[in-house]
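Okay, work.txt now, which holds compact mmCIF, C-alpha atoms and all ligand atoms:
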# COMPACT_ATOMS: atom_id res chain seq x y z
CA MET A 14 0.00 0.00 0.00
CA ALA A 15 1.07 3.63 -0.37
CA ASP A 16 0.73 6.67 1.86
CA GLN A 17 -1.35 9.82 1.35
CA SER A 18 1.49 11.90 -0.10
CA PHE A 19 2.02 9.24 -2.80
CA TRP A 20 -1.66 9.46 -3.78
CA ALA A 21 -1.72 13.27 -3.59
CA ASP A 22 1.11 13.32 -6.16
CA PHE A 23 -0.39 10.51 -8.24
CA TRP A 24 -3.75 12.28 -8.60
CA THR A 25 -2.16 15.67 -9.14
CA GLN A 26 -0.30 14.19 -12.09
CA LYS A 27 -3.54 12.63 -13.36
CA SER A 28 -5.32 15.96 -13.01
CA GLN A 29 -3.27 17.27 -15.95
CA ALA A 30 -4.99 14.80 -18.31
CA ASP A 31 -7.01 16.05 -21.27
CA THR A 32 -10.41 14.96 -20.02
CA ASP A 33 -12.04 14.79 -16.60
CA PHE A 34 -12.84 11.12 -17.17
CA GLN A 35 -9.10 10.44 -17.51
CA ALA A 36 -8.29 12.74 -14.59
CA THR A 37 -10.62 10.80 -12.26
CA GLY A 38 -9.54 7.32 -13.40
CA ARG A 39 -12.49 6.78 -15.76
CA GLY A 40 -10.45 6.76 -18.95
CA THR A 41 -12.37 3.91 -20.55
CA MET A 42 -15.79 4.55 -19.03
CA ASP A 43 -18.71 5.26 -21.36
CA VAL A 44 -20.93 8.30 -20.83
CA VAL A 45 -24.03 6.27 -19.95
CA GLY A 46 -22.03 4.33 -17.36
CA TYR A 47 -20.96 7.63 -15.80
CA LEU A 48 -24.53 8.96 -15.80
CA TYR A 49 -25.55 5.79 -13.97
CA THR A 50 -22.95 6.52 -11.27
CA VAL A 51 -24.50 9.95 -10.68
CA ARG A 52 -28.03 8.55 -10.78
CA GLU A 53 -27.11 5.80 -8.31
CA CYS A 54 -25.52 8.34 -5.93
CA ALA A 55 -28.64 10.49 -5.96
CA ARG A 56 -30.86 7.43 -5.48
CA VAL A 57 -28.86 5.71 -2.72
CA LEU A 58 -28.31 8.96 -0.80
CA ASP A 59 -31.95 9.93 -1.41
CA LEU A 60 -30.80 13.49 -2.15
CA GLN A 61 -33.28 16.22 -1.22
CA PRO A 62 -33.35 19.95 -2.10
CA GLU A 63 -32.46 20.95 1.50
CA ASP A 64 -29.49 18.56 1.79
CA GLU A 65 -25.97 19.71 2.62
CA LEU A 66 -23.49 17.25 1.13
CA LEU A 67 -19.85 16.56 1.89
CA ASP A 68 -18.07 15.15 -1.18
CA ILE A 69 -14.76 13.79 0.07
CA GLY A 70 -12.09 12.80 -2.44
CA GLY A 71 -14.16 14.80 -4.89
CA GLY A 72 -11.48 14.70 -7.60
CA THR A 73 -12.04 17.22 -10.38
CA GLY A 74 -15.57 17.98 -9.21
CA VAL A 75 -17.63 15.99 -11.70
CA PHE A 76 -20.03 14.70 -9.04
CA ALA A 77 -20.33 18.10 -7.39
CA LEU A 78 -21.11 19.69 -10.77
CA SER A 79 -23.72 17.04 -11.59
CA LEU A 80 -25.46 17.18 -8.20
CA SER A 81 -25.22 20.90 -7.36
CA PRO A 82 -28.49 22.04 -9.02
CA PHE A 83 -30.55 19.58 -6.98
CA ILE A 84 -29.39 20.14 -3.39
CA LYS A 85 -28.68 23.06 -1.05
CA SER A 86 -24.88 22.95 -0.89
CA ILE A 87 -21.78 20.84 -1.44
CA ARG A 88 -18.44 21.08 0.31
CA SER A 89 -15.80 19.10 -1.53
CA PHE A 90 -12.34 18.13 -0.26
CA ASP A 91 -9.48 16.23 -1.85
CA ILE A 92 -5.83 15.57 -0.93
CA SER A 93 -4.57 16.31 -4.44
CA PRO A 94 -3.73 19.99 -5.05
CA GLY A 95 -3.97 19.48 -8.83
CA SER A 96 -7.44 17.92 -8.59
CA VAL A 97 -8.63 20.69 -6.25
CA LYS A 98 -7.42 23.35 -8.71
CA ARG A 99 -9.12 21.64 -11.65
CA ALA A 100 -12.32 21.18 -9.62
CA GLN A 101 -12.32 24.87 -8.64
CA GLY A 102 -12.09 25.76 -12.33
CA ASN A 103 -14.82 23.30 -13.30
CA LEU A 104 -17.11 24.61 -10.56
CA SER A 105 -16.47 28.32 -10.97
CA ASP A 106 -20.14 28.96 -11.89
CA ALA A 107 -21.62 26.75 -9.15
CA ASP A 108 -22.20 29.17 -6.28
CA ASN A 109 -23.43 26.52 -3.81
CA VAL A 110 -20.18 24.48 -4.03
CA SER A 111 -16.82 24.98 -2.33
CA VAL A 112 -13.66 22.96 -3.05
CA ASP A 113 -10.66 22.76 -0.73
CA LEU A 114 -7.73 20.60 0.25
CA GLY A 115 -8.46 18.01 2.93
CA SER A 116 -8.22 14.33 3.74
CA ILE A 117 -10.98 11.89 4.59
CA THR A 118 -8.96 10.95 7.68
CA ASP A 119 -9.04 14.53 8.99
CA ILE A 120 -11.90 16.47 7.39
CA PRO A 121 -11.50 20.20 8.10
CA VAL A 122 -15.13 20.86 9.12
CA GLY A 123 -17.03 20.84 12.40
CA ASP A 124 -19.10 18.01 13.89
CA GLU A 125 -22.55 17.21 12.43
CA THR A 126 -21.96 19.37 9.36
CA CYS A 127 -23.76 17.40 6.64
CA ASP A 128 -26.97 15.53 5.92
CA LYS A 129 -25.34 13.33 3.29
CA PHE A 130 -21.75 12.15 2.83
CA LEU A 131 -20.16 10.90 -0.38
CA ALA A 132 -16.72 9.38 -0.91
CA TYR A 133 -16.68 7.84 -4.37
CA SER A 134 -13.74 5.49 -4.95
CA VAL A 135 -11.65 6.88 -2.09
CA LEU A 136 -11.32 4.23 0.67
CA GLN A 137 -9.05 2.05 -1.50
CA TYR A 138 -6.31 4.72 -1.25
CA LEU A 139 -6.05 4.46 2.53
CA GLU A 140 -3.15 2.61 4.07
CA GLY A 141 -4.28 -0.11 6.49
CA ASP A 142 -7.14 -0.62 8.94
CA ASP A 143 -6.27 2.33 11.17
CA ALA A 144 -6.65 4.83 8.33
CA VAL A 145 -9.93 3.21 7.24
CA ARG A 146 -11.24 3.29 10.82
CA GLN A 147 -10.26 6.96 11.03
CA ALA A 148 -12.09 7.71 7.74
CA LEU A 149 -15.21 5.94 9.02
CA SER A 150 -14.95 7.80 12.28
CA GLU A 151 -14.74 11.11 10.37
CA THR A 152 -17.79 10.06 8.35
CA ARG A 153 -19.74 9.53 11.56
CA ARG A 154 -18.46 12.75 13.18
CA THR A 155 -19.43 14.95 10.24
CA LEU A 156 -22.86 13.41 9.59
CA ARG A 157 -25.89 14.78 11.39
CA PRO A 158 -28.03 12.25 13.29
CA ASN A 159 -29.89 10.10 10.74
CA GLY A 160 -27.50 11.28 8.03
CA VAL A 161 -26.55 8.85 5.28
CA GLY A 162 -23.15 8.20 3.72
CA LEU A 163 -22.17 6.45 0.50
CA LEU A 164 -18.63 5.07 0.57
CA ALA A 165 -18.71 3.88 -2.98
CA ALA A 166 -16.67 1.67 -5.28
CA ASN A 167 -14.47 -0.40 -2.98
CA PRO A 168 -12.49 -3.32 -4.45
CA ASP A 169 -13.59 -6.68 -3.05
CA LYS A 170 -10.62 -8.93 -2.32
CA ASP A 171 -12.63 -12.02 -3.25
CA ARG A 172 -12.86 -10.66 -6.79
CA TYR A 173 -9.18 -9.85 -7.22
CA ASP A 174 -8.50 -12.76 -9.61
CA ALA A 175 -11.57 -11.96 -11.68
CA TYR A 176 -10.32 -8.37 -11.99
CA ILE A 177 -6.81 -9.39 -13.11
CA ASP A 178 -8.26 -11.88 -15.63
CA ARG A 179 -10.67 -9.31 -17.06
CA VAL A 180 -8.17 -6.45 -17.48
CA CYS A 181 -5.06 -8.46 -18.45
CA GLY A 182 -6.27 -11.68 -20.05
CA ASP A 183 -3.33 -14.07 -20.51
CA ASP A 184 -0.73 -11.35 -21.16
CA PRO A 185 2.04 -12.06 -18.57
CA LYS A 186 3.56 -8.55 -18.77
CA ALA A 187 0.19 -6.88 -18.26
CA ARG A 188 -0.51 -9.19 -15.32
CA GLU A 189 2.84 -8.37 -13.72
CA ALA A 190 2.21 -4.61 -14.11
CA GLN A 191 -1.28 -4.95 -12.60
CA TYR A 192 0.01 -6.97 -9.64
CA ASP A 193 2.48 -4.15 -8.92
CA LEU A 194 -0.14 -1.42 -9.24
CA GLN A 195 -2.76 -3.27 -7.20
CA LYS A 196 -0.28 -3.78 -4.35
CA THR A 197 -0.48 -0.03 -3.72
CA LEU A 198 -4.27 -0.21 -3.22
CA GLN A 199 -6.47 -1.59 -0.49
CA TRP A 200 -8.64 -4.59 -1.50
CA PHE A 201 -11.30 -5.06 1.15
CA ASP A 202 -12.57 -7.99 3.12
CA VAL A 203 -16.25 -6.99 2.91
CA GLU A 204 -17.21 -8.29 6.36
CA ARG A 205 -14.17 -6.65 7.94
CA LEU A 206 -15.15 -3.25 6.49
CA VAL A 207 -18.69 -3.61 7.84
CA LYS A 208 -17.24 -4.52 11.24
CA LEU A 209 -15.01 -1.42 11.24
CA ALA A 210 -18.05 0.74 10.42
CA HIS A 211 -19.98 -0.82 13.33
CA GLU A 212 -17.02 -0.25 15.65
CA VAL A 213 -17.17 3.52 15.08
CA GLY A 214 -20.94 3.57 15.62
CA LEU A 215 -22.33 3.53 12.09
CA GLU A 216 -25.05 1.30 10.69
CA ALA A 217 -23.60 -0.24 7.54
CA THR A 218 -25.00 -2.13 4.56
CA VAL A 219 -23.09 -3.62 1.64
CA CYS A 220 -24.71 -2.93 -1.74
CA PRO A 221 -23.86 -4.21 -5.21
CA ILE A 222 -22.95 -1.62 -7.83
CA HIS A 223 -25.41 -1.12 -10.70
CA PRO A 224 -24.45 -3.44 -13.59
CA ARG A 225 -24.32 -0.53 -16.06
CA ILE A 226 -21.29 0.78 -14.13
CA TRP A 227 -18.23 -1.14 -15.32
CA GLN A 228 -16.54 -1.47 -11.88
CA SER A 229 -19.58 -3.49 -10.71
CA PHE A 230 -17.84 -6.80 -11.45
CA TYR A 231 -15.19 -6.30 -8.75
CA MET A 232 -16.30 -3.45 -6.49
CA PHE A 233 -19.05 -2.91 -3.90
CA ASP A 234 -20.64 0.09 -2.20
CA LEU A 235 -20.90 0.61 1.55
CA VAL A 236 -23.93 2.61 2.66
CA VAL A 237 -23.76 3.92 6.23
CA ARG A 238 -26.16 5.72 8.53
CA ARG A 239 -25.49 7.69 11.68
CA THR A 240 -28.18 6.76 14.18
C1 LIG A 301 -10.66 7.57 -8.30
S1 LIG A 301 -10.55 9.28 -7.89
C2 LIG A 301 -12.29 9.62 -7.65
C3 LIG A 301 -12.64 11.10 -7.70
C4 LIG A 301 -14.12 11.40 -7.51
N1 LIG A 301 -14.63 10.91 -6.25
C5 LIG A 301 -14.90 10.82 -8.63
O1 LIG A 301 -15.48 9.73 -8.46
O2 LIG A 301 -14.95 11.45 -9.70
C6 LIG A 301 -9.97 9.22 -6.20
C7 LIG A 301 -9.80 10.58 -5.56
O3 LIG A 301 -9.62 10.39 -4.16
C8 LIG A 301 -8.65 11.33 -3.72
N2 LIG A 301 -8.08 10.82 -2.45
C9 LIG A 301 -7.24 9.78 -2.27
N3 LIG A 301 -6.98 9.62 -0.96
C10 LIG A 301 -7.66 10.60 -0.30
C11 LIG A 301 -7.79 10.98 1.05
N4 LIG A 301 -7.12 10.35 2.03
N5 LIG A 301 -8.60 12.03 1.36
C12 LIG A 301 -9.25 12.71 0.39
N6 LIG A 301 -9.15 12.41 -0.92
C13 LIG A 301 -8.38 11.37 -1.26
C14 LIG A 301 -7.66 11.40 -4.86
O4 LIG A 301 -6.84 12.54 -4.79
C15 LIG A 301 -8.60 11.36 -6.06
O5 LIG A 301 -9.00 12.65 -6.44
Just give me the structure of the file as structure tokens.
Amino acid sequence: MADQSFWADFWTQKSQADTDFQATGRGTMDVVGYLYTVRECARVLDLQPEDELLDIGGGTGVFALSLSPFIKSIRSFDISPGSVKRAQGNLSDADNVSVDLGSITDIPVGDETCDKFLAYSVLQYLEGDDAVRQALSETRRTLRPNGVGLLAANPDKDRYDAYIDRVCGDDPKAREAQYDLQKTLQWFDVERLVKLAHEVGLEATVCPIHPRIWQSFYMFDLVVRRT
């Protein structure tokens, strides 16, 4: 696994890519698949016009831009300075959105700040159980009572082989490169993640990802509620 400064640099480099799909790791994703990710977020979080949303690991702001007309406000944070800068540019006309530097393990906002919490494809960049527990604890701290969080798109360790087979086929060099890359990421034991969420006082449910979203074959969503 790799630490936060590695990922801050990695995503800052990515943020220079031509398109926002490339800059958020969706280089090969089709538009309809992306629209499904937004639709699923809105559905699972049951977004309402009065909702205040925290979007942590918000990348270049594509979710914030898509969701901003439908809710009261969005505060987005990311550890990558390059992504934050690109998001600020993308969101310059969205007056109910702010974008700043910040980590999911130490979110620079007060307690009980949001009604809904989104971290899309972020937990996999945390190093070890302690960092994941800290992120879950921050999710609970920042949610208002009865608030809902979507910690989306987490790689399931039981589907690791299926992932390698699908993206590399029988090509030994591609497989070697993927093994190296995947070592830097966290592949989750699903039950262990649920247990960590319970330990910090969150209700937690594991949900499959919509089949129109390509990551669905190896990732799962975690939906949490602060009681
Ligand atoms: C795969 S991209 C997803 C971006 C965005 N959520 C989306 O779906 O378009 C992962 C993002 O998480 C950010 N990230 C990684 N570790 C983080 C952390 N500890 N705290 C906040 N953001 C983090 C990265 O900088 C990157 O922008």
Item to check | Selection within 7 Å of ligand LIG 301 (chain A) by only C-alpha atoms and all ligand atoms, output as an MDAnalysis selection string | outcome: chainID A and resid 17 20:21 24 37:38 69:76 90:93 96 115:118 132:135 138:139
Item to check | Residue contacts of stretch 144-157 of chain A (8 Å, all atoms listed in the file) excluding same-chain residues fewer than 5 positions away, as JSON, numbers by chain | outcome: {"A": [117, 118, 119, 120, 122, 123, 124, 125, 126, 127, 128, 129, 130, 136, 139, 162, 209, 210, 213, 214, 215, 239]}
Checklist entry - Expressed in Å to a single decimal, how great is the separation between atom CA of A:Gly160 and atom CA of A:Asp108? => result 23.5 Å
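Shortest separation to A:Thr218 among A:Tyr176, A:Val161, A:Asp171, A:Phe83 occurs at residue A:Val161, atoms counted being only C-alpha atoms.
Closest approach to A:Phe19 among A:Ala175, A:Leu198, A:Leu67, A:Leu114 is made by A:Leu198 (distances from all atoms listed in the file).
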Have stretch 211-228 of chain A completed to N, CA and C atoms, please, and pass it along as an mmCIF file, keeping the file's coordinate frame.
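Final file, selection.cif:
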data_model
loop_
_atom_site.group_PDB
_atom_site.id
_atom_site.type_symbol
_atom_site.label_atom_id
_atom_site.label_comp_id
_atom_site.auth_asym_id
_atom_site.auth_seq_id
_atom_site.Cartn_x
_atom_site.Cartn_y
_atom_site.Cartn_z
ATOM 1 N N HIS A 211 -19.220 -0.611 12.080
ATOM 2 C CA HIS A 211 -19.980 -0.820 13.330
ATOM 3 C C HIS A 211 -19.178 -0.340 14.536
ATOM 4 N N GLU A 212 -17.865 -0.615 14.500
ATOM 5 C CA GLU A 212 -17.020 -0.250 15.650
ATOM 6 C C GLU A 212 -17.008 1.257 15.909
ATOM 7 N N VAL A 213 -17.169 2.065 14.841
ATOM 8 C CA VAL A 213 -17.170 3.520 15.080
ATOM 9 C C VAL A 213 -18.594 4.053 15.273
ATOM 10 N N GLY A 214 -19.577 3.148 15.304
ATOM 11 C CA GLY A 214 -20.940 3.570 15.620
ATOM 12 C C GLY A 214 -21.811 3.899 14.427
ATOM 13 N N LEU A 215 -21.488 3.319 13.278
ATOM 14 C CA LEU A 215 -22.330 3.530 12.090
ATOM 15 C C LEU A 215 -23.122 2.260 11.780
ATOM 16 N N GLU A 216 -24.364 2.427 11.331
ATOM 17 C CA GLU A 216 -25.050 1.300 10.690
ATOM 18 C C GLU A 216 -24.423 1.144 9.312
ATOM 19 N N ALA A 217 -24.272 -0.071 8.839
ATOM 20 C CA ALA A 217 -23.600 -0.240 7.540
ATOM 21 C C ALA A 217 -24.244 -1.378 6.750
ATOM 22 N N THR A 218 -24.435 -1.128 5.455
ATOM 23 C CA THR A 218 -25.000 -2.130 4.560
ATOM 24 C C THR A 218 -24.135 -2.204 3.299
ATOM 25 N N VAL A 219 -23.854 -3.426 2.875
ATOM 26 C CA VAL A 219 -23.090 -3.620 1.640
ATOM 27 C C VAL A 219 -24.072 -3.696 0.477
ATOM 28 N N CYS A 220 -23.803 -2.938 -0.585
ATOM 29 C CA CYS A 220 -24.710 -2.930 -1.740
ATOM 30 C C CYS A 220 -23.921 -3.222 -3.019
ATOM 31 N N PRO A 221 -24.512 -4.008 -3.921
ATOM 32 C CA PRO A 221 -23.860 -4.210 -5.210
ATOM 33 C C PRO A 221 -23.908 -2.917 -6.021
ATOM 34 N N ILE A 222 -22.974 -2.787 -6.944
ATOM 35 C CA ILE A 222 -22.950 -1.620 -7.830
ATOM 36 C C ILE A 222 -23.811 -1.927 -9.057
ATOM 37 N N HIS A 223 -24.520 -0.931 -9.543
ATOM 38 C CA HIS A 223 -25.410 -1.120 -10.700
ATOM 39 C C HIS A 223 -24.642 -1.739 -11.877
ATOM 40 N N PRO A 224 -25.196 -2.751 -12.526
ATOM 41 C CA PRO A 224 -24.450 -3.440 -13.590
ATOM 42 C C PRO A 224 -24.077 -2.574 -14.785
ATOM 43 N N ARG A 225 -24.718 -1.407 -14.953
ATOM 44 C CA ARG A 225 -24.320 -0.530 -16.060
ATOM 45 C C ARG A 225 -23.022 0.237 -15.758
ATOM 46 N N ILE A 226 -22.545 0.123 -14.514
ATOM 47 C CA ILE A 226 -21.290 0.780 -14.130
ATOM 48 C C ILE A 226 -20.185 -0.273 -14.184
ATOM 49 N N TRP A 227 -19.130 -0.029 -14.980
ATOM 50 C CA TRP A 227 -18.230 -1.140 -15.320
ATOM 51 C C TRP A 227 -17.519 -1.738 -14.119
ATOM 52 N N GLN A 228 -17.240 -0.941 -13.060
ATOM 53 C CA GLN A 228 -16.540 -1.470 -11.880
ATOM 54 C C GLN A 228 -17.390 -2.490 -11.100
#
